[in-house]
Each structure stands twice: as C-alpha cells, then as structure tokens.
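What follows is the content of target06.txt, which has compact mmCIF, C-alpha atoms:
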```txt
# COMPACT_ATOMS: atom_id res chain seq x y z
CA MET A 1 7.07 -46.95 43.41
CA ASN A 2 8.33 -46.81 39.89
CA PRO A 3 6.00 -48.77 37.62
CA THR A 4 7.44 -51.42 35.37
CA PRO A 5 7.06 -50.84 31.62
CA ALA A 6 4.37 -53.52 31.26
CA GLU A 7 2.29 -53.87 34.39
CA PRO A 8 -0.06 -56.86 34.44
CA ASP A 9 -3.74 -56.48 33.55
CA GLU A 10 -4.68 -59.57 35.59
CA LEU A 11 -3.78 -60.43 39.16
CA THR A 12 -4.46 -63.64 41.06
CA GLY A 13 -3.91 -64.42 44.70
CA PRO A 14 -5.25 -66.64 47.47
CA TYR A 15 -8.12 -64.21 48.20
CA GLY A 16 -9.30 -63.55 44.66
CA THR A 17 -8.61 -62.33 41.17
CA ALA A 18 -8.61 -58.93 39.53
CA ARG A 19 -8.68 -57.61 36.00
CA ARG A 20 -7.83 -54.09 34.85
CA ILE A 21 -10.61 -52.26 33.01
CA PRO A 22 -9.35 -51.19 29.57
CA ARG A 23 -8.87 -47.40 29.59
CA ASP A 24 -10.88 -46.99 26.37
CA THR A 25 -13.93 -48.31 28.25
CA TYR A 26 -14.31 -45.16 30.37
CA ARG A 27 -12.17 -42.46 28.73
CA ASP A 28 -15.17 -40.49 27.41
CA SER A 29 -17.62 -41.06 30.26
CA HIS A 30 -15.09 -40.60 33.10
CA PRO A 31 -12.24 -38.36 31.84
CA ALA A 32 -10.71 -38.06 35.33
CA GLY A 33 -10.34 -41.85 35.59
CA LEU A 34 -6.76 -43.04 35.41
CA ASP A 35 -7.09 -46.72 36.26
CA GLY A 36 -9.78 -49.15 37.30
CA TRP A 37 -9.92 -52.77 38.39
CA ILE A 38 -12.73 -55.29 38.90
CA ILE A 39 -11.79 -57.46 41.87
CA THR A 40 -13.57 -60.77 42.43
CA ALA A 41 -12.91 -61.88 45.98
CA PRO A 42 -15.68 -64.04 47.50
CA ARG A 43 -13.76 -64.66 50.74
CA TRP A 44 -14.32 -61.09 51.93
CA HIS A 45 -18.14 -61.06 52.18
CA PRO A 46 -20.84 -63.77 52.04
CA LEU A 47 -23.37 -61.73 50.01
CA TRP A 48 -21.23 -60.01 47.37
CA SER A 49 -17.92 -60.89 45.85
CA GLN A 50 -16.95 -58.08 43.51
CA TYR A 51 -15.40 -54.68 44.07
CA HIS A 52 -14.29 -51.80 41.88
CA LEU A 53 -10.98 -50.17 42.73
CA GLY A 54 -10.26 -47.01 40.81
CA VAL A 55 -7.97 -44.02 40.89
CA VAL A 56 -8.89 -40.60 39.52
CA SER A 57 -7.15 -37.31 38.93
CA LEU A 58 -8.46 -34.37 40.94
CA ALA A 59 -7.19 -31.87 38.36
CA ASP A 60 -9.63 -29.45 36.79
CA ILE A 61 -11.29 -30.89 33.69
CA PRO A 62 -12.94 -28.53 31.19
CA GLY A 63 -16.73 -28.88 31.31
CA ALA A 64 -16.72 -30.77 34.61
CA PRO A 65 -17.36 -29.40 38.10
CA PRO A 66 -14.23 -29.02 40.23
CA ALA A 67 -13.22 -31.95 42.41
CA ARG A 68 -13.95 -31.79 46.13
CA LEU A 69 -10.57 -31.72 47.79
CA GLN A 70 -10.28 -33.04 51.35
CA ARG A 71 -7.26 -30.78 51.92
CA PRO A 72 -5.19 -28.36 49.83
CA GLY A 73 -2.65 -29.81 47.44
CA VAL A 74 -4.12 -33.29 46.90
CA THR A 75 -4.00 -34.44 43.29
CA HIS A 76 -5.56 -37.91 43.17
CA GLU A 77 -8.13 -40.13 44.87
CA LEU A 78 -8.32 -43.90 45.22
CA ASN A 79 -11.80 -45.40 45.68
CA LEU A 80 -12.90 -48.91 46.50
CA VAL A 81 -16.58 -49.81 46.37
CA ALA A 82 -18.53 -53.05 46.54
CA LEU A 83 -20.46 -53.92 43.38
CA ASN A 84 -24.15 -54.75 43.60
CA PRO A 85 -24.46 -58.51 42.98
CA GLU A 86 -27.96 -58.07 41.54
CA HIS A 87 -26.37 -56.52 38.44
CA GLY A 88 -23.29 -58.75 38.17
CA PRO A 89 -21.13 -60.57 37.85
CA TYR A 90 -18.98 -58.02 36.07
CA ASP A 91 -16.20 -58.70 33.59
CA ALA A 92 -13.70 -55.85 33.21
CA ARG A 93 -13.36 -56.59 29.50
CA HIS A 94 -17.12 -56.35 28.82
CA LEU A 95 -18.74 -53.81 31.11
CA PRO A 96 -22.42 -53.01 30.60
CA ASP A 97 -23.33 -49.78 28.81
CA ALA A 98 -25.30 -48.75 31.89
CA GLY A 99 -22.08 -48.76 33.94
CA LEU A 100 -21.31 -50.33 37.27
CA HIS A 101 -23.85 -50.55 40.08
CA PHE A 102 -22.27 -49.76 43.44
CA LEU A 103 -23.34 -50.58 46.96
CA THR A 104 -23.15 -47.69 49.39
CA PRO A 105 -21.45 -46.36 51.36
CA VAL A 106 -18.12 -46.31 49.53
CA ASN A 107 -15.68 -48.65 51.28
CA ILE A 108 -12.49 -46.63 50.77
CA ALA A 109 -11.95 -43.06 49.51
CA GLU A 110 -8.48 -41.67 50.09
CA GLN A 111 -6.97 -38.53 48.56
CA PHE A 112 -3.23 -37.98 48.16
CA THR A 113 -0.57 -36.13 46.19
CA THR A 114 1.43 -37.88 43.48
CA THR A 115 1.84 -38.17 39.71
CA ASP A 116 -0.62 -39.86 37.35
CA ASP A 117 1.84 -42.70 36.71
CA ASN A 118 2.39 -43.29 40.43
CA ALA A 119 -1.38 -43.18 41.05
CA ARG A 120 -1.90 -45.91 38.43
CA HIS A 121 0.85 -47.99 39.96
CA LEU A 122 -0.61 -47.47 43.43
CA ALA A 123 -3.97 -48.78 42.17
CA GLN A 124 -2.26 -51.92 40.91
CA LEU A 125 -0.37 -52.39 44.20
CA CYS A 126 -3.56 -51.96 46.25
CA THR A 127 -5.40 -54.39 43.99
CA ARG A 128 -2.56 -56.90 44.45
CA ALA A 129 -2.80 -56.43 48.23
CA VAL A 130 -6.54 -57.25 48.16
CA VAL A 131 -6.18 -60.46 46.16
CA ASP A 132 -3.22 -61.47 48.33
CA GLY A 133 -5.23 -60.86 51.53
CA LEU A 134 -3.07 -57.98 52.80
CA LEU A 135 -5.69 -55.22 52.51
CA ILE A 136 -9.32 -55.89 53.41
CA PRO A 137 -11.82 -54.44 50.91
CA GLU A 138 -14.86 -54.96 53.12
CA THR A 139 -15.38 -52.30 55.80
CA SER A 140 -18.66 -53.47 57.37
CA ASP A 141 -17.06 -55.13 60.42
CA ALA A 142 -14.62 -52.39 61.48
CA PRO A 143 -14.84 -49.43 59.09
CA ASP A 144 -12.59 -47.02 61.00
CA GLY A 145 -9.80 -49.55 61.51
CA ILE A 146 -9.93 -50.89 57.96
CA ARG A 147 -9.98 -47.40 56.44
CA ALA A 148 -7.06 -46.42 58.68
CA ALA A 149 -5.09 -49.45 57.44
CA TRP A 150 -5.74 -48.42 53.83
CA ARG A 151 -4.80 -44.79 54.56
CA SER A 152 -1.56 -45.89 56.21
CA SER A 153 -0.68 -48.31 53.40
CA ILE A 154 -1.37 -45.72 50.70
CA HIS A 155 0.62 -42.96 52.33
CA GLN A 156 3.52 -45.23 53.33
CA THR A 157 3.72 -46.52 49.76
CA LEU A 158 3.73 -42.98 48.38
CA ALA A 159 6.32 -41.88 50.96
CA HIS A 160 8.53 -44.76 49.86
CA ASP A 161 8.63 -43.21 46.39
CA HIS A 162 10.01 -40.00 47.88
CA ASP A 163 12.38 -41.67 50.36
CA PRO A 164 12.99 -45.35 49.54
CA HIS A 165 15.38 -45.66 52.49
CA HIS A 166 12.77 -44.38 54.99
CA GLY A 167 15.16 -41.78 56.42
CA ARG A 168 18.03 -44.24 56.79
CA LEU A 169 21.35 -43.55 55.13
CA ASN A 170 22.59 -46.04 52.56
```

Would you mind writing the file's structure down as structure tokens?
Amino acid sequence: MNPTPAEPDELTGPYGTARRIPRDTYRDSHPAGLDGWIITAPRWHPLWSQYHLGVVSLADIPGAPPARLQRPGVTHELNLVALNPEHGPYDARHLPDAGLHFLTPVNIAEQFTTTDDNARHLAQLCTRAVVDGLLIPETSDAPDGIRAAWRSSIHQTLAHDHDPHHGRLN
C-alpha cells in the first residue's frame, strides 16, 4: 500500500466523482484530520448524493480530549458520512466556514493500526472504490453487511502492506 509520490486530488469513476479537501482547510479546526474527500455519487441514494470520507489519527493531541479507541493499539479511524443535501452541494475546494453538515448515523467508522501515510493512502483507495462502484457508501439497505464489506476491505488492504504475497512464497 505504498503511496505514489503524487496521489491524485480528483477521482472519477462510473459511480461518481471525488475531490480531496485541501489539508489547509481543516488543519486548525481538526488537527487529528489526515485526509478528507468530498464524494459526489448520485447513483447510491435518491435523496442525497454527497458523502465525506475522512481519516483521522487517534494519537493524543495536546488540548484535545483523548480519542475513544474501540480496542487497544488502534492508531487511525476512517469515517464515511452522508452530507445533508439541504446545506449542499459541497465543493472540496470551497467549504463553508460553518463546516460540513452530516446526516446521522455515520455510515462507516472503522479503526485500525497503520502509519499516517498509509492511512492517507487507504482513504484515497476507499474513495476510488466508491466512485468505481466497488464499495457502497450508503448503508440504509443492509447496514451490517455493507459495514462488514468495508471492514474486510480496509483490513485486507492494510494486511497487504504487511504481507503483499498473502502468506505465499515468491
């Protein structure tokens, strides 16, 4: 899962488009944030078409309350949430000062252990999977199954970084 030197800031696929939020946009207000994407994918739900996919560090940050860890040793969390269409559409390059307005509950929230660079790359890969139709961002029809597919994809991708041959010898 080694990121390329210049990962794209825009992704397009048959199910939608995505644009990376510039890091300077949220550095002060969300210091744990490592990467964020606005995904526009109208094929996934008839009433809203935008989602925010972000990855955060779970490390202690001075002046902030400690992160809630789902299990010992996790270092990062990936979140995917539908954006409220009454406040959009959103453009990743020009986000409103008031921030993003989310619909609840959160669609995907998965914690894992990796490096900051790998977490950023994972966010890009998951975003690519949404716009390509490989991961479903909308959990309203089958939340347990869809969340399980995300969990499996995330952890298999991270495992690939540790063992690219999946236990097989060269």

May I ask for the distance between atom CA of Arg128 of chain A and atom CA of Leu95 of chain A, given in Å to one decimal place? 21.2 Å

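Distance check against Pro66 of chain A using only C-alpha atoms: of A:Asp91, A:Thr25, A:Thr40, A:Ala32, the minimum falls on A:Ala32.
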
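Nearest residue to Arg120 of chain A among A:Asn107, A:Thr12, A:Ser57, A:Ser153 is A:Ser57, counting only C-alpha atoms.
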
Could you give me, as a list in words, the residues that sit within 6 Å of (-17.2, -59.9, 39.6) in the file's coordinates, counting all atoms listed in the file? Thr40, Gln50, Pro89 and Tyr90 of chain A

Let me make sure I understand: among A:Gln156, A:Ile108, A:Leu83, A:Gly33, which one has the smallest atom-to-atom distance to Asp144 of chain A if we use all atoms listed in the file? A:Ile108

Within 7 Å of Glu110 of chain A, counting all atoms listed in the file, which residues show up once you throw out same-chain ones fewer than 2 positions away? Write them as JSON, numbers by chain, please. {"A": [77, 78, 79, 108, 112, 151]}

May I have the residues within 10 Å of Ile146 of chain A as number ranges by chain, using all atoms listed in the file and disregarding those fewer than 6 positions away in the same chain? A: 107-108, 135-140, 152

As a check of understanding: the span from atom CA of Asp116 of chain A to atom CA of Gly145 of chain A is 27.6 Å

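Rounded to one decimal, atom CA of Ser29 of chain A and atom CA of Ala98 of chain A lie 11.0 Å from each other.
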
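If you measure from each of A:Tyr26, A:Glu10, A:Ala149, A:Val131 to Asp97 of chain A using all atoms listed in the file, the closest one turns out to be A:Tyr26.
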
(-2.8, -40.6, 43.8) in this file's frame - what residues fall within 9 Å of it? Use all atoms listed in the file and give the answer as a ChimeraX atom specification. /A:55-58,74-78,110-120,122-123,154,158

Deliver the residues from the most recent selection as a file, using C-alpha atoms, as an mmCIF file, keeping the file's coordinate frame.
```
data_model
loop_
_atom_site.group_PDB
_atom_site.id
_atom_site.type_symbol
_atom_site.label_atom_id
_atom_site.label_comp_id
_atom_site.auth_asym_id
_atom_site.auth_seq_id
_atom_site.Cartn_x
_atom_site.Cartn_y
_atom_site.Cartn_z
ATOM 1 C CA VAL A 55 -7.970 -44.020 40.890
ATOM 2 C CA VAL A 56 -8.890 -40.600 39.520
ATOM 3 C CA SER A 57 -7.150 -37.310 38.930
ATOM 4 C CA LEU A 58 -8.460 -34.370 40.940
ATOM 5 C CA VAL A 74 -4.120 -33.290 46.900
ATOM 6 C CA THR A 75 -4.000 -34.440 43.290
ATOM 7 C CA HIS A 76 -5.560 -37.910 43.170
ATOM 8 C CA GLU A 77 -8.130 -40.130 44.870
ATOM 9 C CA LEU A 78 -8.320 -43.900 45.220
ATOM 10 C CA GLU A 110 -8.480 -41.670 50.090
ATOM 11 C CA GLN A 111 -6.970 -38.530 48.560
ATOM 12 C CA PHE A 112 -3.230 -37.980 48.160
ATOM 13 C CA THR A 113 -0.570 -36.130 46.190
ATOM 14 C CA THR A 114 1.430 -37.880 43.480
ATOM 15 C CA THR A 115 1.840 -38.170 39.710
ATOM 16 C CA ASP A 116 -0.620 -39.860 37.350
ATOM 17 C CA ASP A 117 1.840 -42.700 36.710
ATOM 18 C CA ASN A 118 2.390 -43.290 40.430
ATOM 19 C CA ALA A 119 -1.380 -43.180 41.050
ATOM 20 C CA ARG A 120 -1.900 -45.910 38.430
ATOM 21 C CA LEU A 122 -0.610 -47.470 43.430
ATOM 22 C CA ALA A 123 -3.970 -48.780 42.170
ATOM 23 C CA ILE A 154 -1.370 -45.720 50.700
ATOM 24 C CA LEU A 158 3.730 -42.980 48.380
#
```

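Using all atoms listed in the file, the shortest contact distance between Pro31 of chain A and any of A:Cys126, A:Leu69, A:Ala64, A:Ala142 is found at A:Ala64.
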
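Using only C-alpha atoms for every distance, the candidate list A:His94, A:Arg147, A:His155, A:Arg20 yields A:Arg147 as the residue closest to Val106 of chain A.
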